[in-house]
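Here the structure comes first, spelled out in structure tokens, and everything after it is commentary.
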Amino acid sequence: MKWQWLHNMVEEFRAGSPGNRFLTVYQHRRIHGREHPIRSIIYIGFGFLILIVGTIIALPPGVPGFFLWIPGLLMIATRLRWAAILMDKLEVWSRRVIGFFRRKKD
């Protein structure tokens with residue numbers, strides 16, 4: 001299957017516990033995924049480009065450009081440890097906020 005690697009990565013991500021998912025995927029890539037450093041730099045650069053485009057698109061009122069931040073951060077988190085830790089903390093925080101509003105709604 002051509003996209004088997006993506007399916008495997010998503011399944012590994014889902015199997016992880018909240019607060020450790022991104023760091024686990026990052027560590028797995030460091031151990032098992034040997035690729036050329038230039039490819040990683042391009043991947044990180046593309047992730048930052050998506051973040052910048054999302055920020056620019058979000059400037060006009062009413063345009064939800066911040067939705068592009070998620071894929072940009074995800075791309076960066078697979079290659080940089082600090083970004084993986086940040087995404088783990090953001091996941092835990094967002095789960096708390098969503099849980100708070102769900103409890104308040106009931």
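In the structure tokens, chains take the letters A, B, ... in the order shown, each chain's residues start at 1, and ligands count up from 1 in the order shown.
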
- Query: Which polymer residues have any atom within 7 Å of an atom of segment 82-85 of chain A, counting only C-alpha atoms, with same-chain residues fewer than 3 positions away left out, as a list of chain:residue names?
  - Reply: A:Phe22, A:Leu23, A:Tyr26, A:Ile76, A:Ala77, A:Thr78, A:Asp88, A:Lys89

Keeping only N, CA, C and O atoms, write those residues as a PDB file, in the first residue's frame.
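Saved as result.pdb:
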```pdb
ATOM      1  N   PHE A  22       2.800  13.355  20.934  1.00  0.00           N
ATOM      2  CA  PHE A  22       3.696  13.995  19.984  1.00  0.00           C
ATOM      3  C   PHE A  22       5.153  13.662  20.272  1.00  0.00           C
ATOM      4  O   PHE A  22       5.933  13.425  19.355  1.00  0.00           O
ATOM      5  N   LEU A  23       5.509  13.634  21.553  1.00  0.00           N
ATOM      6  CA  LEU A  23       6.882  13.287  21.916  1.00  0.00           C
ATOM      7  C   LEU A  23       7.185  11.837  21.551  1.00  0.00           C
ATOM      8  O   LEU A  23       8.287  11.526  21.098  1.00  0.00           O
ATOM      9  N   TYR A  26       7.749  11.764  17.832  1.00  0.00           N
ATOM     10  CA  TYR A  26       9.052  12.370  17.567  1.00  0.00           C
ATOM     11  C   TYR A  26      10.182  11.385  17.875  1.00  0.00           C
ATOM     12  O   TYR A  26      11.097  11.199  17.068  1.00  0.00           O
ATOM     13  N   ILE A  76       5.963  20.419  12.127  1.00  0.00           N
ATOM     14  CA  ILE A  76       7.165  20.804  12.872  1.00  0.00           C
ATOM     15  C   ILE A  76       7.388  19.867  14.052  1.00  0.00           C
ATOM     16  O   ILE A  76       8.522  19.490  14.355  1.00  0.00           O
ATOM     17  N   ALA A  77       6.294  19.448  14.714  1.00  0.00           N
ATOM     18  CA  ALA A  77       6.410  18.601  15.908  1.00  0.00           C
ATOM     19  C   ALA A  77       6.972  17.222  15.598  1.00  0.00           C
ATOM     20  O   ALA A  77       7.517  16.574  16.490  1.00  0.00           O
ATOM     21  N   THR A  78       6.858  16.764  14.355  1.00  0.00           N
ATOM     22  CA  THR A  78       7.434  15.461  14.035  1.00  0.00           C
ATOM     23  C   THR A  78       8.946  15.526  13.872  1.00  0.00           C
ATOM     24  O   THR A  78       9.604  14.496  13.895  1.00  0.00           O
ATOM     25  N   ASP A  88       2.201  18.556  22.944  1.00  0.00           N
ATOM     26  CA  ASP A  88       1.669  17.718  24.031  1.00  0.00           C
ATOM     27  C   ASP A  88       1.011  18.580  25.103  1.00  0.00           C
ATOM     28  O   ASP A  88      -0.078  18.273  25.588  1.00  0.00           O
ATOM     29  N   LYS A  89       1.657  19.683  25.465  1.00  0.00           N
ATOM     30  CA  LYS A  89       1.084  20.578  26.475  1.00  0.00           C
ATOM     31  C   LYS A  89      -0.192  21.230  25.952  1.00  0.00           C
ATOM     32  O   LYS A  89      -1.166  21.375  26.692  1.00  0.00           O
TER      33      LYS A  89
END
```

- Hey, what does DSSP flag as helix (DSSP H, G or I) within chain A? Can you give it to me as a PyMOL selection string? chain A and resi 4-15+21-32+37-58+65-77+81-105

- Query: What is the atom CA of Gly54 of chain A to atom CA of Arg96 of chain A distance in Å?
  - Reply: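 Distance between the two atoms: 24.9 Å.
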
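Using only C-alpha atoms for every distance, the candidate list A:Ile56, A:Arg14, A:Arg79, A:Leu68 yields A:Arg79 as the residue closest to Pro37 of chain A.
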
- Message: If we count only C-alpha atoms and set the cut-off at 8 Å, which residues sit around Leu51 of chain A, ignoring sequence neighbours fewer than 3 positions away in its own chain? Please answer as a ChimeraX atom specification.
- Response: /A:47-48,54-55,68-69,72-73

- Query: Restricting the calculation to only C-alpha atoms, which member of A:Arg39, A:His32, A:Arg21, A:Arg103 is positioned closest to Met87 of chain A?
  - Reply: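 Looking only at the distances to Met87 of chain A, the closest residue turns out to be A:Arg21.
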